[in-house]
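Asks: Contents are compact mmCIF, C-alpha atoms; file name my_file00.txt:
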# COMPACT_ATOMS: atom_id res chain seq x y z
CA MET A 126 0.00 0.00 0.00
CA ALA A 127 1.43 3.36 -0.98
CA GLY A 128 1.84 6.18 1.54
CA SER A 129 1.68 5.99 5.28
CA PRO A 130 -1.48 4.79 7.00
CA ILE A 131 -3.88 7.46 8.23
CA ASN A 132 -4.25 7.87 11.96
CA LEU A 133 -7.57 9.30 13.12
CA THR A 134 -6.95 9.00 16.87
CA ASN A 135 -8.44 11.96 18.80
CA GLN A 136 -10.78 12.80 15.93
CA PHE A 137 -14.54 12.81 15.59
CA LEU A 138 -16.13 10.47 13.07
CA ILE A 139 -19.33 12.08 11.89
CA ALA A 140 -21.86 9.77 10.25
CA MET A 141 -22.95 10.97 6.83
CA PRO A 142 -26.70 11.13 6.17
CA GLY A 143 -26.42 8.24 3.73
CA MET A 144 -24.97 5.95 6.42
CA GLY A 145 -26.58 2.60 5.75
CA ASP A 146 -25.93 1.18 9.23
CA GLY A 147 -28.87 2.23 11.42
CA THR A 148 -26.75 1.71 14.54
CA PHE A 149 -24.57 4.65 13.54
CA ALA A 150 -27.07 6.92 11.73
CA GLY A 151 -26.73 10.47 13.06
CA THR A 152 -23.85 9.66 15.36
CA VAL A 153 -20.62 11.36 16.33
CA VAL A 154 -17.91 8.94 17.44
CA TYR A 155 -14.82 10.01 19.39
CA LEU A 156 -11.93 7.86 18.17
CA CYS A 157 -9.85 6.67 21.13
CA GLU A 158 -7.47 4.52 19.12
CA HIS A 159 -6.68 3.98 15.45
CA THR A 160 -3.85 1.73 14.32
CA GLU A 161 -3.15 -0.60 11.43
CA LYS A 162 -4.94 -3.28 13.48
CA GLY A 163 -8.20 -1.34 13.60
CA ALA A 164 -10.03 1.39 15.47
CA LEU A 165 -11.93 1.88 18.71
CA GLY A 166 -14.27 4.75 19.47
CA LEU A 167 -17.19 5.86 21.61
CA VAL A 168 -20.45 7.34 20.35
CA ILE A 169 -20.90 10.65 22.21
CA ASN A 170 -24.42 11.66 21.21
CA LYS A 171 -26.74 8.71 21.88
CA PRO A 172 -27.93 8.81 25.51
CA ILE A 173 -29.71 5.71 26.79
CA ASP A 174 -32.37 5.35 29.47
CA ILE A 175 -29.93 4.96 32.35
CA LYS A 176 -28.70 7.77 34.59
CA LEU A 177 -25.17 7.70 36.02
CA LYS A 178 -26.46 7.28 39.59
CA ASN A 179 -28.34 4.12 38.47
CA LEU A 180 -25.25 2.73 36.77
CA PHE A 181 -23.28 3.30 39.97
CA GLU A 182 -25.98 1.50 41.99
CA LYS A 183 -25.64 -1.51 39.67
CA VAL A 184 -21.98 -1.83 40.70
CA ASP A 185 -22.75 -1.20 44.40
CA LEU A 186 -21.49 2.37 44.48
CA THR A 187 -23.26 5.60 45.39
CA LEU A 188 -22.68 8.67 43.24
CA ASP A 189 -23.17 11.74 45.40
CA ARG A 190 -21.88 14.25 42.88
CA GLU A 191 -24.89 16.36 41.98
CA ASP A 192 -23.14 17.57 38.82
CA LEU A 193 -23.12 14.00 37.50
CA ALA A 194 -25.85 11.95 39.20
CA ASP A 195 -28.57 12.74 36.65
CA GLU A 196 -26.30 12.72 33.60
CA PRO A 197 -27.26 10.03 31.10
CA VAL A 198 -25.18 7.02 30.26
CA TYR A 199 -24.50 6.80 26.52
CA PHE A 200 -24.62 4.03 23.94
CA GLY A 201 -20.92 3.86 23.06
CA GLY A 202 -21.34 1.29 20.32
CA PRO A 203 -22.50 -2.25 19.68
CA VAL A 204 -19.45 -4.06 21.14
CA GLN A 205 -19.36 -5.16 24.83
CA THR A 206 -22.57 -3.31 25.67
CA GLU A 207 -22.54 -4.66 29.22
CA ARG A 208 -19.21 -2.96 29.92
CA GLY A 209 -18.68 0.64 30.99
CA PHE A 210 -16.26 3.03 29.30
CA VAL A 211 -15.41 6.35 30.94
CA LEU A 212 -14.18 9.10 28.65
CA HIS A 213 -12.63 11.87 30.72
CA GLU A 214 -10.17 14.72 30.78
CA ARG A 215 -6.52 13.86 31.16
CA LEU A 216 -5.62 13.45 34.81
CA GLY A 217 -3.19 15.72 36.57
CA GLY A 218 -4.95 18.87 35.43
CA GLU A 219 -5.75 21.78 37.72
CA GLY A 220 -7.74 20.75 40.78
CA ASP A 221 -7.30 17.07 39.96
CA ASP A 222 -6.28 14.50 42.53
CA GLY A 223 -3.73 13.19 40.03
CA GLY A 224 -5.05 9.65 40.39
CA HIS A 225 -4.19 6.98 37.89
CA TYR A 226 -6.48 4.09 37.17
CA ASN A 227 -5.79 0.44 36.49
CA SER A 228 -6.94 0.42 32.90
CA THR A 229 -6.64 3.80 31.18
CA LEU A 230 -5.90 4.47 27.57
CA GLN A 231 -4.15 7.83 27.14
CA ILE A 232 -5.28 9.22 23.82
CA PRO A 233 -2.37 11.11 22.23
CA GLY A 234 -3.16 14.82 22.23
CA GLY A 235 -6.60 14.14 23.62
CA LEU A 236 -8.57 12.68 26.46
CA GLU A 237 -8.32 9.48 28.45
CA MET A 238 -10.58 6.45 28.41
CA THR A 239 -10.78 4.27 31.50
CA THR A 240 -12.47 0.88 31.72
CA SER A 241 -11.56 -0.15 35.25
CA LYS A 242 -13.98 0.21 38.17
CA ASP A 243 -11.50 2.28 40.19
CA VAL A 244 -12.42 5.42 38.21
CA LEU A 245 -16.06 4.94 39.29
CA GLU A 246 -14.93 4.37 42.89
CA ALA A 247 -12.97 7.64 42.79
CA MET A 248 -16.00 9.48 41.39
CA ALA A 249 -18.24 7.95 44.08
CA GLN A 250 -15.89 9.41 46.69
CA GLY A 251 -16.20 12.87 45.14
CA ALA A 252 -12.78 12.65 43.49
CA GLY A 253 -11.83 11.41 40.05
CA PRO A 254 -12.14 13.29 36.79
CA LYS A 255 -14.36 16.37 36.83
CA ARG A 256 -15.75 16.02 33.33
CA VAL A 257 -16.79 12.59 32.12
CA LEU A 258 -18.89 10.86 29.52
CA VAL A 259 -19.79 7.29 30.42
CA THR A 260 -20.87 4.78 27.80
CA LEU A 261 -21.96 1.20 27.75
CA GLY A 262 -20.26 -0.52 24.86
CA TYR A 263 -17.86 0.77 22.25
CA SER A 264 -17.54 0.98 18.49
CA GLY A 265 -14.86 -1.16 16.91
CA TRP A 266 -13.48 -1.65 13.43
CA GLY A 267 -11.11 -4.32 12.17
CA ALA A 268 -7.95 -3.60 10.17
CA GLY A 269 -8.80 -1.41 7.18
CA GLN A 270 -12.55 -1.48 7.88
CA LEU A 271 -12.87 2.14 9.00
CA GLU A 272 -10.72 3.39 6.11
CA ASP A 273 -13.01 1.45 3.77
CA GLU A 274 -16.15 3.01 5.30
CA ILE A 275 -14.62 6.49 5.02
CA GLY A 276 -13.71 5.74 1.40
CA ARG A 277 -17.36 4.92 0.73
CA ASN A 278 -18.41 8.27 2.25
CA GLY A 279 -19.90 6.70 5.37
CA TRP A 280 -18.02 9.09 7.65
CA ILE A 281 -16.29 12.43 7.60
CA THR A 282 -13.61 13.23 10.16
CA VAL A 283 -12.45 16.30 12.03
CA ASP A 284 -10.13 16.96 14.96
CA ALA A 285 -12.09 16.36 18.16
CA ALA A 286 -13.10 19.27 20.39
CA PRO A 287 -13.57 18.25 24.06
CA GLU A 288 -16.10 21.05 24.62
CA ILE A 289 -18.49 19.28 22.24
CA ILE A 290 -18.25 16.12 24.36
CA PHE A 291 -18.53 17.79 27.76
CA ASP A 292 -20.20 21.20 27.34
CA THR A 293 -22.57 20.90 24.38
CA PRO A 294 -26.18 19.72 24.87
CA VAL A 295 -26.49 16.26 23.37
CA GLU A 296 -28.99 17.23 20.69
CA GLN A 297 -26.53 19.83 19.35
CA ARG A 298 -23.39 17.66 19.25
CA TYR A 299 -23.85 16.36 15.70
CA ASP A 300 -24.37 19.86 14.24
CA LYS A 301 -21.55 21.32 16.34
CA ALA A 302 -19.14 18.62 15.18
CA LEU A 303 -20.07 19.37 11.57
CA SER A 304 -19.59 23.08 12.19
CA LEU A 305 -15.92 22.34 13.04
CA LEU A 306 -15.63 21.57 9.32
CA GLY A 307 -17.59 24.68 8.36
CA ILE A 308 -20.48 22.49 7.21
CA ASP A 309 -24.13 23.36 7.69
CA PRO A 310 -25.96 20.07 8.37
CA ARG A 311 -28.76 21.16 6.02
CA MET A 312 -26.24 21.05 3.17
CA LEU A 313 -25.88 17.31 3.78
CA SER A 314 -29.57 16.47 3.43
CA GLN A 315 -30.26 13.50 1.22
CA GLU A 316 -33.42 15.10 -0.04
CA ALA A 317 -33.30 18.28 -2.04
CA GLY A 318 -35.84 21.03 -1.56
CA HIS A 319 -36.40 20.64 2.16
CA ALA A 320 -35.38 23.51 4.39
Would you encode the structure as structure tokens?

Replies:
Amino acid sequence: MAGSPINLTNQFLIAMPGMGDGTFAGTVVYLCEHTEKGALGLVINKPIDIKLKNLFEKVDLTLDREDLADEPVYFGGPVQTERGFVLHERLGGEGDDGGHYNSTLQIPGGLEMTTSKDVLEAMAQGAGPKRVLVTLGYSGWGAGQLEDEIGRNGWITVDAAPEIIFDTPVEQRYDKALSLLGIDPRMLSQEAGHA
């Protein structure tokens, strides 16, 4: 294969309107890892019917942080949907306890993704990362699969912006991610003549 492989780590994958896979229609995926072996990401704009406090109760923890208790848990993707994935700011920032968790993927130039229960335990004690997005499940692609889907115009990509993950209301995340590319979502409509 000519040229070096593309690396989309720390980017948003934005589903195009023609996306044939209903699972991913209208989604924005934050790519945590992308190598020649494949890719792993978390959908950031599909809340499910579980609140964080309920998820914590399921693992015998109590979440007393009012800023997070009523936040939704998100559908991160169709793989390992019984498992929690915590996307959070890089530790060691201002006001952070500097904790490190058992199973954390440091995303180059970006956030961190932790899958071990100790991050939930820290949050239950009022510590841990301040800004989090918790998903059940993740999105995975085998070697070359994501590149193939991008080549077929299933996705467009843009450098991720943490404020879209943590500060943007969920119903605005898709449009905001597109706006990073200077694209008006109405320009992407499959049907002409509808405003």

Asks: Using all atoms listed in the file, which residue out of A:Ser304, A:Gln250, A:Asn227, A:Asn278 lies closest to Gly145 of chain A?

Replies: A:Asn278

Asks: Counting all atoms listed in the file, figure out which residue out of A:Gly234, A:Gly307, A:Gly279, A:Pro294 gets nearest to Asn170 of chain A.

Replies: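 Checking each candidate against Asn170 of chain A, we get A:Pro294 as the closest.
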
Asks: For atom CA of Asn179 of chain A and atom CA of Ser264 of chain A, determine how far apart the two atoms are, in Å to one decimal place.

Replies: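 Separation between atom CA of Asn179 of chain A and atom CA of Ser264 of chain A: 22.9 Å.
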
Asks: Just checking: using all atoms listed in the file, which residue out of A:Thr206, A:Ala150, A:Gly251, A:Ile169 ends up closest to Asp292 of chain A?

Replies: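 Residue with the minimum atom-to-atom distance to Asp292 of chain A: A:Ile169.
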
Asks: Show me, as a ChimeraX atom specification, the residues that have an atom within 12 Å of Gly151 of chain A when counting all atoms listed in the file, minus same-chain residues fewer than 2 positions from it.

Replies: /A:138-149,153-154,168-171,279-281,295-300,302-303,310,313-314

Asks: In terms of the shortest atom-to-atom distance over only C-alpha atoms, which of A:Asp273, A:Glu237, A:Glu196, A:Asp309 is closest to Ile173 of chain A?

Replies: A:Glu196

Asks: Given the point (-11.2, -1.1, 15.0) in the file's coordinates, find the residues that have an atom at most 9 Å from it, counting only C-alpha atoms, and give them as number ranges by chain.

Replies: A: 158-166, 264-271

Asks: Return the single residue from A:Asp189, A:Gly235, A:Lys178, A:Val259 that is closest to Gly201 of chain A, with distances computed using only C-alpha atoms.

Replies: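 Using only C-alpha atoms, Gly201 of chain A sits closest to A:Val259.
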
Asks: Compare A:Glu274, A:Asp174, A:Glu246, A:Glu214 by their minimum atom-to-atom distance to Leu258 of chain A, counting all atoms listed in the file, and give me the closest one.

Replies: A:Glu214

Asks: Rounded to one decimal in Å, what is the spacing between atom CA of Gly253 of chain A and atom CA of Thr229 of chain A?

Replies: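 Between atom CA of Gly253 of chain A and atom CA of Thr229 of chain A the gap works out to 12.8 Å.
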
Asks: Just the number, please: distance in Å from atom CA of Ala252 of chain A to atom CA of Met238 of chain A, one decimal.

Replies: 16.5 Å
